[in-house]
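Undergrad: Starting off with a structure, shown below.
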2 protein chains.
Amino acid sequence: MSNTLWLVLSLIAGIISIGVAYSFFRWVVKQDPGTERAQRVAGWIRDGARSYLKKLYSALGLLAGGLAVIIAIVFGLQQNFGYGVTMAITFIFGALCSTIAGYLGMTVAVEANVRSATAAGKGLNPAFNLAFKAGAVMGLAMVGLALTGMSLVFLITGDANLVLGFSFGASTLALLAKAGGGIYTKTADIAADLVGKVEVGIPEDDPRNPAVVADNVGDNVGDVAGMGADIFDSYVASSVAAMLLGAALTKLSPETRVLYTIFPLILCMLGAIAALIGVQFVQVKEGGKPGTSLNNGTIYTCLIFGVLVIAVVLLMDLDKAVMWATLAGLIVGVIIGFTSDFFTGDDRPPVVETARVSTSGAAVNIITGFSYGLISIAPSVVGIAAATLIAYFLADQSTVVNGVYGVGIAAVGMLAISGMIVSSDAYGPIVDNARGIAEMAGMSEDVIEVADVMDAAGNTAKAITKGFAISAAALTVLALFAAYSSEITIAVAEHGLPPIDMTMSLSNPLVIAAILLGALTPPLFSALTMLSVTHNAFDMIEEIRRQFRANPDILAGKAEPDYVKCVALASENALQSLILPACLAVVLPLVVGFLLGPEALGAFLGGSIVTGILFALLMANAGGTWDNAKKYIESGHFGGKGSEAHKAGVVGDTVGDPFKDTAGPSLNTLITVMSLVSSLFAPVIAAFHLFGG
Amino acid sequence: MSNTLWLVLSLIAGIISIGVAYSFFRWVVKQDPGTERAQRVAGWIRDGARSYLKKLYSALGLLAGGLAVIIAIVFGLQQNFGYGVTMAITFIFGALCSTIAGYLGMTVAVEANVRSATAAGKGLNPAFNLAFKAGAVMGLAMVGLALTGMSLVFLITGDANLVLGFSFGASTLALLAKAGGGIYTKTADIAADLVGKVEVGIPEDDPRNPAVVADNVGDNVGDVAGMGADIFDSYVASSVAAMLLGAALTKLSPETRVLYTIFPLILCMLGAIAALIGVQFVQVKEGGKPGTSLNNGTIYTCLIFGVLVIAVVLLMDLDKAVMWATLAGLIVGVIIGFTSDFFTGDDRPPVVETARVSTSGAAVNIITGFSYGLISIAPSVVGIAAATLIAYFLADQSTVVNGVYGVGIAAVGMLAISGMIVSSDAYGPIVDNARGIAEMAGMSEDVIEVADVMDAAGNTAKAITKGFAISAAALTVLALFAAYSSEITIAVAEHGLPPIDMTMSLSNPLVIAAILLGALTPPLFSALTMLSVTHNAFDMIEEIRRQFRANPDILAGKAEPDYVKCVALASENALQSLILPACLAVVLPLVVGFLLGPEALGAFLGGSIVTGILFALLMANAGGTWDNAKKYIESGHFGGKGSEAHKAGVVGDTVGDPFKDTAGPSLNTLITVMSLVSSLFAPVIAAFHLFGG
């Protein structure tokens with residue numbers, strides 16, 4: 001089968017994914033939008049989310065526009081004008097595809113929440129199916145747009161470097177969407193909790209709280225749009241890293257080389273097909289368990305994908321090493337996802353122990369949760385190391401491909417089923433919101449109970465997909481890291497530059513120094529985003545208190561608070577807070593590269609990858625442990641709600657919020673963006689740098 | 001001047017240091033021991049400290065005995081029986097010297113605390129001078145014993161590898177003393193605070209609190225004995241790393257090579273002389289500032305040491321690169337020490353901001369302090385990278401020495417003034433205890449006020465010396481890392497082994513995997529020690545509550561609580577908690593080395609060094625920020641004592657306790673021990689390993 005045909009098939013699979021996503025979308029908006037009161041509440045959330053997105057996209061427009069001009073000039077000067085402009089266009093195209101996926105996901109989420117709450121009145125079955133279908137809009141649209149975009153760029157240009165431009169565009173949006181959304185959502189959440197629950201003692205999602213709408217908007221902008229952009233970013237980046245490593249297999253015939261270059265796209269296509277089938281399996285009967293159903297969907301998708309990969313590799317007579325690498329990535333990804341559940345799962349020792357010590361106060365709760373977070377790093381890192389080594393050595397045995405290509409393929413193998421993963425993940429904030437709307441719109445206890453059951457399943461799904469997302473990102477950046485080295489070597493050969501040593505030996509003190517500097521970046525980035533959260537939350541707490549003081553009727557439930565003020569405050573502050581971290585991510589690698597040279601930049605990336613993975617896992621898991629320890633206490637253990645242990649648990653949960661939803665998940669994007677910037681500018685850095693070499 | 005003469009001079013300088021320390025000791029114990037009540041309180045602390053030390057040394061005896069046998073067998077088989085026994089003896093000798101220094105420091109500390117409290121009745125001048133002289137006993141004894149020990153071993157054997165055995169002995173004790181002391185002190189501190197201050201509302205150091213003696217004992221076993229062992233360990237390890245790198249300068253004539261091998265000892269000797277003079281400058285007049293006086297002592301010591309180094313290098317016509325490397329280490333060490341004060345200093349933005357946000361509760365206080373801790377890593381790591389690069393490239397220009405030797409010398413340059421640093425540092429817990437005794441023995445307000453002034457200076461000194469200690473340890477392990485590679489290469493050459501690739505290139509996936517595994521170790525070690533603290537604190541909280549319940553007269557001040565029970569509980573629990581972390585430190589490098597080979601072990605060490613430095617700085621500085629934010633609130637800001645902000649500040653301080661005094665400082669020792677184990681067993685690992693090479 002010809003390479004072009006494969007590309008066309010990928011393109012078609014992408015378009016079908018988009019089509020199915022759109023048909024789901026049409027179906028969701030046709031469902032019963034509920035009572036007037038419920039629609040009114042949902043309207044606030046929708047308007048809040050749109051006003052934030054509008055600001056986000058303006059910020060993105062500015063940043064992407066500026067970067068596009070720089071890219072056009074730099075590559076125009078370095079190669080030729082046409083190439084520079086093409087690169088800038090693919091960059092914009094990547095940002096656009098990611099934006100559309102995010103926008104679509106958000107739009108359906110803010111329509112689905114109220115409809116799911118309304119459907120909950122008829123039972124678990126219709127409510128769950130509606131929420132999951134809405135989640136699947138995001139999952140399938142994301143995969144569809146990414147696959148369509150990448151296939152199109154390569155079909156037209158045949159140049160993997162231009163797909164890199166596409167990927168960098170997607171990552172730039174992801175950085176803003178993920179970090180900005182993470183700051184927004186936790187600002188609102190913390191402020192709403194601290195004043196609402198702790199100071200004045202009103203329950204979560206109480207409509208008297210001026211920040212309650214901002215809090216629900218936050219779930220959408222942080223968890224739907226942000227998480228979607230994040231996995232879009234990893235999905236595209238892992239594919240492009242493997243494509244670049246495939247294009248570097250210079251010993252192969254041109255035709256075969258192109259086949260291995262587009263093989264990552266073939267894997268994505270198979271994954272998209274598997275996800276399209278897998279989402280059909282996610283259905284729950286009355287009295288059934290939503291969590292089991294979500295997990296079944298993931299397992300079926302994996303099995304179908306595995307079978308498809310084996311079939312294609314055998315039928316096309318491809319090198320079997322790529323099959324093993326794909327399966328290694330897939331299996332390790334699933335194992336990490338499910339084991340990461342151990343550290344954050346209800347009833348498991350870490351959560352129970354953290355809940356138990358809470359009887360001695362908040363400090364001991366913090367120390368214990370943080371310590372389990374540190375320990376939780378171990379199994380995932382061992383898994384990542386194992387997947388890397390297995391994929392590398394299996395592929396290195398092959399006479400066709402090489403070891404680093406195997407690592408790249410393992411990352412694609414993990415991420416190919418993203419359609420299903422994102423669908424489960426986007427389900428979470430939709431049902432979370434549905435519960436909020438049910439509460440705010442004063443729906444019956446039965447409805448809230450159904451919403452609670454759906455919400456609990458969403459949290460478990462989230463823990464699993466989060467572990468999966470971090471591991472996949474880790475393998476992706478390891479592949480990107482290899483791609484960067486390979487890009488430097490290619491640039492030297494192509495442009496006849498003086499030879500550049502890319503050994504990156506730990507015996508070289510410049511390498512050690514660069515590793516240390518790179519290792520600094522993730523903690524620094526985390527600190528900046530978390531300080532933004534507390535700083536912005538402080539502003540919002542003042543605003544909530546001001547509203548309560550200004551009009552005592554609000555707390556009495558006789559007057560409506562000014563929700564819009566809180567939404568606007570959260571939006572503006574979140575976007576302002578992004579400037580410094582975003583600069584850090586884009587500018588630092590360039591400074592290191594142009595100043596200390598290509599080898600030092602490689603070591604810098606290496607250092608940032610190591611601590612990036614560690615801190616991402618620590619923060620995600622510690623946050624999850626605190627969250628569930630609080631819930632465990634609330635379910636009646638160690639004194640239950642209102643006890644001293646519960647107060648301590650709330651402090652832990654609040655500390656965990658920016659850990660698990662702001663700083664932790666943004667680190668994936670940070671290390672991906674830094675690796676992509678480096679790979680993209682590799683030819684330029686190879687030609688111009690002050691020291692090193 | 002002959003090499004032997006230099007060694008004899010070093011030996012003499014060491015003996016003089018010990019002599020001066022002893023004369024200070026005699027002077028201290030001759031001072032007025034105060035009222036009967038004060039002596040009684042001091043007696044409890046002394047007995048508690050002794051009973052802990054007894055248990056610690058039994059544990060050490062077991063561990064050191066076991067390791068000595070293993071060392072004798074392994075090196076006996078690998079080389080010859082005599083060499084194995086000699087190595088085991090130097091190992092025991094190292095552990096013994098470190099033990100004596102710690103024991104002496106502890107003994108003088110528990111005598112000096114009550115005398116300093118008593119002298120405070122006569123004014124600041126006599127009280128401060130007594131406390132500092134007592135601190136200097138520890139500082140001078142430590143340097144004296146280390147210098148004497150190393151000089152003696154090299155004078156007798158002429159083999160730097162045997163000095164490595166000595167160093168490993170000292171590190172084994174340090175690991176137990178530092179981690180065990182850290183767990184002990186924070187168990188008692190947290191338990192005493194949580195029940196005393198928070199639950200029943202009695203002030204710090206109140207004699208009604210059953211854990212108050214254990215808390216004061218903790219200051220001694222954690223801060224005096226533990227910190228002393230820690231710097232003893234770095235001091236010896238940096239010297240031996242530079243000595244090994246000197247012995248590897250194979251292009252030099254044997255005589256010159258020995259000169260550069262013992263040059264680190266010459267630097268230690270000059271540092272010891274500088275410290276002997278420097279401590280004389282530390283004196284405070286009535287109304288003077290103790291903090292300024294301590295800083296002056298450090299600055300004079302640095303200046304004198306700098307002048308001596310320049311003089312010796314010029315007079316002996318040594319290579320000037322070693323002079324620059326020494327000065328680079330010294331200057332960067334001092335700069336890092338003073339700048340680390342920025343993040344934890346009173347009235348500085350990080351502390352004030354952390355205190356300010358405490359008005360919104362404990363969670364925001366935790367997030368803010370933690371974030372500043374993350375940011376605080378940056379200046380120190382940049383400083384460490386700069387010192388490494390400067391020392392390397394200056395020394396690499398030389399025709400005599402090489403770059404890695406320069407890095408080793410920079411580390412020695414930082415640590416040579418340890419005599420003065422430890423003296424300032426040991427002063428802290430002595431005056432902290434003096435304050436406690438004054439409170440518990442019911443001394444007058446005037447006395448407590450003087451004790452408070454001395455205590456505040458102790459805290460500032462501690463922040464500076466802590467930054468210094470971590471940076472020095474970082475440079476030390478970088479030098480040890482270089483020494484390990486060099487040991488492998490030497491072993492291959494000497495024993496005619498098959499060649500071993502020690503490139504440790506980041507392009508090698510085995511290297512990446514090993515770096516990831518190594519990077520895991522410090523977080524894992526931190527988690528284990530911190531979980532021990534909360535676990536043990538929980539036990540002690542139960543014990544305190546039990547005593548209060550069993551006898552209500554205790555809280556009424558009419559009956560004496562059972563102090564001994566709490567002391568015993570803390571001791572036993574702390575030592576039991578050590579088993580797993582200690583095994584991790586010694587066994588993991590050996591497992592990696594024998595299983596994955598010498599190159600992977602090198603990468604493993606590299607990974608552990610990077611995250612070890614990062615986490616050590618994060619934990620030390622975040623802990624300091626929380627501590628001082630609480631104090632800032634207590635001094636009347638944001639509502640002062642008893643306010644909501646204060647309650648939040650107490651939670652932050654309690655979280656910071658195991659960060660800054662247990663997990664953080666133990667990481668230095670962890671990475672030193674792992675590097676030493678690797679270097680020591682390098683010849684054996686080079687000969688036997690399963691994979692890699």
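We label chains A, B, ... in the order they appear in the structure tokens, count residues from 1 in each chain, and number ligands from 1 in the order shown.
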Could you give me, as CSV, every chain A residue with an atom at most 6 Å from chain B, plus its closest atom pair and distance in Å to one decimal, counting only C-alpha atoms, rows ordered by chain then number?
TA:
```
residue,atom,partner,partner_atom,distance
A:Ala363,CA,B:Val651,CA,5.1
A:Ser371,CA,B:Ala527,CA,4.4
A:Leu374,CA,B:Pro523,CA,5.5
A:Ile375,CA,B:Leu524,CA,5.4
A:Ala385,CA,B:Ala513,CA,4.9
A:Thr503,CA,B:Ser505,CA,5.4
A:Met504,CA,B:Ser505,CA,5.1
A:Ser505,CA,B:Ser505,CA,4.2
A:Leu506,CA,B:Met504,CA,5.5
A:Ala513,CA,B:Ala385,CA,4.9
A:Pro523,CA,B:Leu374,CA,5.5
A:Leu524,CA,B:Ile375,CA,5.4
A:Ala527,CA,B:Ser371,CA,4.4
A:Val651,CA,B:Ala363,CA,5.1
A:Thr654,CA,B:Ala363,CA,5.8
A:Val655,CA,B:Ala363,CA,5.2
```
Undergrad: Based on the selection just made, write C-alpha atoms of those residues as a compact mmCIF listing (two decimals), in the first residue's frame.
TA:
```
# COMPACT_ATOMS: atom_id res chain seq x y z
CA ALA A 363 0.22 20.19 59.89
CA SER A 371 5.33 12.26 51.97
CA LEU A 374 6.97 11.72 47.25
CA ILE A 375 6.73 7.94 47.52
CA ALA A 385 12.33 3.84 32.82
CA THR A 503 27.76 13.40 23.67
CA MET A 504 26.33 15.21 26.70
CA SER A 505 28.65 13.27 28.99
CA LEU A 506 28.13 13.63 32.73
CA ALA A 513 25.92 22.78 35.18
CA PRO A 523 10.21 23.98 40.38
CA LEU A 524 10.48 27.64 39.42
CA ALA A 527 6.23 28.27 42.19
CA VAL A 651 -6.61 22.54 54.77
CA THR A 654 -6.90 23.32 49.71
CA VAL A 655 -3.11 22.99 49.60
```
Undergrad: What does the distance from atom CA of Val309 of chain B to atom CA of Ala272 of chain B come to in Å, to one decimal?
TA: 12.0 Å
Undergrad: What lies within 6 Å of Leu596 of chain B using only C-alpha atoms, ignoring chain neighbours under 3 positions off, as a PyMOL selection string?
TA: chain B and resi 592-593+600+691-692
Undergrad: Just to be explicit: take each residue in the selection above, keep N, CA and C atoms, and write the result as a PDB file, in the first residue's frame.
TA:
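Below is the file again.pdb, written as the result:
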```pdb
ATOM      1  N   VAL B 592      22.555  -1.150  42.173  1.00  0.00           N
ATOM      2  CA  VAL B 592      22.639  -0.571  40.823  1.00  0.00           C
ATOM      3  C   VAL B 592      23.987  -0.891  40.189  1.00  0.00           C
ATOM      4  N   GLY B 593      25.049  -0.747  40.968  1.00  0.00           N
ATOM      5  CA  GLY B 593      26.394  -0.968  40.435  1.00  0.00           C
ATOM      6  C   GLY B 593      26.614  -2.412  39.996  1.00  0.00           C
ATOM      7  N   ALA B 600      26.083   2.943  34.623  1.00  0.00           N
ATOM      8  CA  ALA B 600      24.742   3.217  35.146  1.00  0.00           C
ATOM      9  C   ALA B 600      24.814   3.731  36.576  1.00  0.00           C
ATOM     10  N   PHE B 691      25.247  -6.302  33.930  1.00  0.00           N
ATOM     11  CA  PHE B 691      25.042  -5.647  32.633  1.00  0.00           C
ATOM     12  C   PHE B 691      25.950  -4.428  32.505  1.00  0.00           C
ATOM     13  N   GLY B 692      25.821  -3.731  31.368  1.00  0.00           N
ATOM     14  CA  GLY B 692      26.485  -2.441  31.173  1.00  0.00           C
ATOM     15  C   GLY B 692      27.944  -2.605  30.842  1.00  0.00           C
TER      16      GLY B 692
END
```
Undergrad: Using only C-alpha atoms, determine which residues lie at most 10 Å from Tyr427 of chain A, disregarding the query and same-chain residues fewer than 2 positions distant; provide the list as a ChimeraX atom specification.
TA: /A:109,112-113,128-139,223-224,294,422-425,429-432,454-455,457-459,461-462
Undergrad: Would you kindly return, as a PyMOL selection string, each protein, DNA or RNA residue with an atom no farther than 6 Å from any atom of segment 234-251 of chain A, considering only C-alpha atoms and excluding same-chain residues fewer than 3 positions away?
TA: chain A and resi 160+164+167+231+260-261+264+405+408-409+411-412+415+473+476+479-480+483
Undergrad: Next, the residues of the selection above should be written as a PDB file, in the first residue's frame with C-alpha atoms.
TA:
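This went into result.pdb:
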```
ATOM      1  CA  ALA A 160       8.382  16.368   9.196  1.00  0.00           C
ATOM      2  CA  LEU A 164       7.063  20.225  14.166  1.00  0.00           C
ATOM      3  CA  SER A 167       3.102  20.850  17.056  1.00  0.00           C
ATOM      4  CA  ILE A 231      -3.290  15.967  25.802  1.00  0.00           C
ATOM      5  CA  TYR A 260       8.484   4.747   9.019  1.00  0.00           C
ATOM      6  CA  THR A 261       8.157   8.524   9.185  1.00  0.00           C
ATOM      7  CA  PRO A 264       3.232   7.298  13.962  1.00  0.00           C
ATOM      8  CA  TYR A 405      12.859   5.473  17.171  1.00  0.00           C
ATOM      9  CA  GLY A 408       9.352   7.505  20.110  1.00  0.00           C
ATOM     10  CA  ILE A 409       6.969   4.785  18.955  1.00  0.00           C
ATOM     11  CA  ALA A 411       5.234   7.202  23.382  1.00  0.00           C
ATOM     12  CA  VAL A 412       2.862   7.193  20.391  1.00  0.00           C
ATOM     13  CA  LEU A 415      -1.005   8.270  23.400  1.00  0.00           C
ATOM     14  CA  ALA A 473       4.175  13.163  28.469  1.00  0.00           C
ATOM     15  CA  THR A 476       7.018  12.028  24.736  1.00  0.00           C
ATOM     16  CA  ALA A 479      11.462  11.046  22.461  1.00  0.00           C
ATOM     17  CA  LEU A 480      11.586  14.790  21.789  1.00  0.00           C
ATOM     18  CA  ALA A 483      14.710  14.174  18.302  1.00  0.00           C
TER      19      ALA A 483
END
```
Undergrad: Quick one: everything within 10 Å of Met150 of chain A, counting only C-alpha atoms, minus sequence neighbours fewer than 3 positions away in the same chain. Send it as a VMD selection string.
TA: chain A and resid 7 10 to 11 14 90 93 to 94 145 to 147 153 to 155 160 162 to 164 166 to 167 236 239 to 240 262 265
Undergrad: Using N, CA, C and O atoms, can you export the residues from the last selection as a tab-separated table (two decimals), in the first residue's frame?
TA:
```
chain	number	residue	atom	x	y	z
A	7	LEU	N	-1.56	8.09	4.23
A	7	LEU	CA	-1.80	9.46	4.70
A	7	LEU	C	-3.25	9.87	4.49
A	7	LEU	O	-3.87	10.49	5.34
A	10	SER	N	-5.37	8.24	7.04
A	10	SER	CA	-5.26	8.95	8.32
A	10	SER	C	-6.14	10.18	8.31
A	10	SER	O	-6.85	10.48	9.28
A	11	LEU	N	-6.05	10.90	7.19
A	11	LEU	CA	-6.84	12.11	7.04
A	11	LEU	C	-8.33	11.78	7.17
A	11	LEU	O	-9.07	12.46	7.89
A	14	GLY	N	-9.31	10.98	10.64
A	14	GLY	CA	-9.41	12.23	11.41
A	14	GLY	C	-10.74	12.92	11.16
A	14	GLY	O	-11.42	13.36	12.09
A	90	THR	N	2.12	26.82	9.32
A	90	THR	CA	1.82	25.56	10.02
A	90	THR	C	1.73	25.80	11.53
A	90	THR	O	0.92	25.17	12.21
A	93	PHE	N	-1.58	27.20	12.16
A	93	PHE	CA	-2.54	26.13	11.91
A	93	PHE	C	-2.64	25.20	13.13
A	93	PHE	O	-3.73	24.82	13.56
A	94	GLY	N	-1.48	24.87	13.71
A	94	GLY	CA	-1.46	24.01	14.90
A	94	GLY	C	-2.19	24.67	16.06
A	94	GLY	O	-3.00	24.04	16.76
A	145	LEU	N	-9.06	16.47	15.01
A	145	LEU	CA	-8.39	17.69	14.52
A	145	LEU	C	-6.88	17.50	14.46
A	145	LEU	O	-6.22	17.95	13.52
A	146	ALA	N	-6.32	16.83	15.47
A	146	ALA	CA	-4.87	16.63	15.49
A	146	ALA	C	-4.45	15.75	14.32
A	146	ALA	O	-3.48	16.07	13.59
A	147	LEU	N	-5.19	14.67	14.12
A	147	LEU	CA	-4.83	13.73	13.06
A	147	LEU	C	-5.01	14.38	11.68
A	147	LEU	O	-4.15	14.26	10.80
A	153	VAL	N	-0.65	18.45	6.77
A	153	VAL	CA	0.64	19.13	6.64
A	153	VAL	C	1.65	18.22	5.94
A	153	VAL	O	2.35	18.61	5.01
A	154	PHE	N	1.68	16.95	6.38
A	154	PHE	CA	2.69	16.06	5.78
A	154	PHE	C	2.30	15.66	4.35
A	154	PHE	O	3.18	15.51	3.49
A	155	LEU	N	1.02	15.52	4.11
A	155	LEU	CA	0.56	15.17	2.77
A	155	LEU	C	0.95	16.26	1.76
A	155	LEU	O	1.40	15.97	0.65
A	160	ALA	N	8.71	16.57	7.78
A	160	ALA	CA	8.38	16.37	9.20
A	160	ALA	C	8.69	17.61	10.03
A	160	ALA	O	8.05	17.85	11.06
A	162	LEU	N	8.00	20.59	9.28
A	162	LEU	CA	6.85	21.48	9.25
A	162	LEU	C	5.75	20.97	10.19
A	162	LEU	O	4.99	21.76	10.76
A	163	VAL	N	5.69	19.64	10.35
A	163	VAL	CA	4.76	19.10	11.35
A	163	VAL	C	5.21	19.55	12.75
A	163	VAL	O	4.40	19.78	13.65
A	164	LEU	N	6.53	19.71	12.90
A	164	LEU	CA	7.06	20.23	14.17
A	164	LEU	C	6.53	21.63	14.44
A	164	LEU	O	6.19	21.98	15.58
A	166	PHE	N	3.68	22.79	13.38
A	166	PHE	CA	2.28	22.55	13.76
A	166	PHE	C	2.20	22.20	15.25
A	166	PHE	O	1.39	22.75	16.00
A	167	SER	N	3.09	21.31	15.67
A	167	SER	CA	3.10	20.85	17.06
A	167	SER	C	3.43	22.00	18.01
A	167	SER	O	2.83	22.13	19.08
A	236	VAL	N	0.19	15.31	19.73
A	236	VAL	CA	0.87	15.79	18.52
A	236	VAL	C	2.39	15.72	18.69
A	236	VAL	O	3.11	15.30	17.79
A	239	SER	N	3.80	12.25	18.31
A	239	SER	CA	3.79	11.83	16.91
A	239	SER	C	4.93	12.49	16.14
A	239	SER	O	5.65	11.84	15.38
A	240	VAL	N	5.08	13.80	16.35
A	240	VAL	CA	6.09	14.50	15.57
A	240	VAL	C	7.50	14.07	15.97
A	240	VAL	O	8.40	13.97	15.13
A	262	ILE	N	5.83	8.13	8.57
A	262	ILE	CA	4.39	8.32	8.77
A	262	ILE	C	3.77	7.22	9.63
A	262	ILE	O	2.59	7.29	9.96
A	265	LEU	N	1.64	8.32	12.39
A	265	LEU	CA	0.30	8.76	11.99
A	265	LEU	C	-0.62	7.55	11.79
A	265	LEU	O	-1.81	7.60	12.11
```
Undergrad: Skipping near chain neighbours, those fewer than 6 positions away, what residues fall within 10 Å of Val564 of chain B using only C-alpha atoms, listed as a list of chain:residue names?
TA: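 Once the nearby chain positions are removed, what remains is B:Trp44, B:Ile45, B:Asp47, B:Gly48, B:Ser51, B:Pro210, B:Ala211, B:Val213, B:Ala214, B:Ala570.
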Undergrad: Give me, please, the distance in Å between atom CA of Gly226 of chain A and atom CA of Ala410 of chain A, quoted to one decimal.
TA: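 Computing it gives 24.5 Å between the two atoms.
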Undergrad: Tell me which of B:Ile16, B:Glu572, B:Ser380, B:Val279 sits closest to Ala472 of chain B, counting only C-alpha atoms.
TA: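 Among the listed residues, the smallest separation from Ala472 of chain B belongs to B:Ser380.
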Undergrad: For a test of reading the model, state the distance in Å between atom CA of Thr292 of chain A and atom CA of Glu439 of chain A, rounded to one decimal.
TA: 25.9 Å
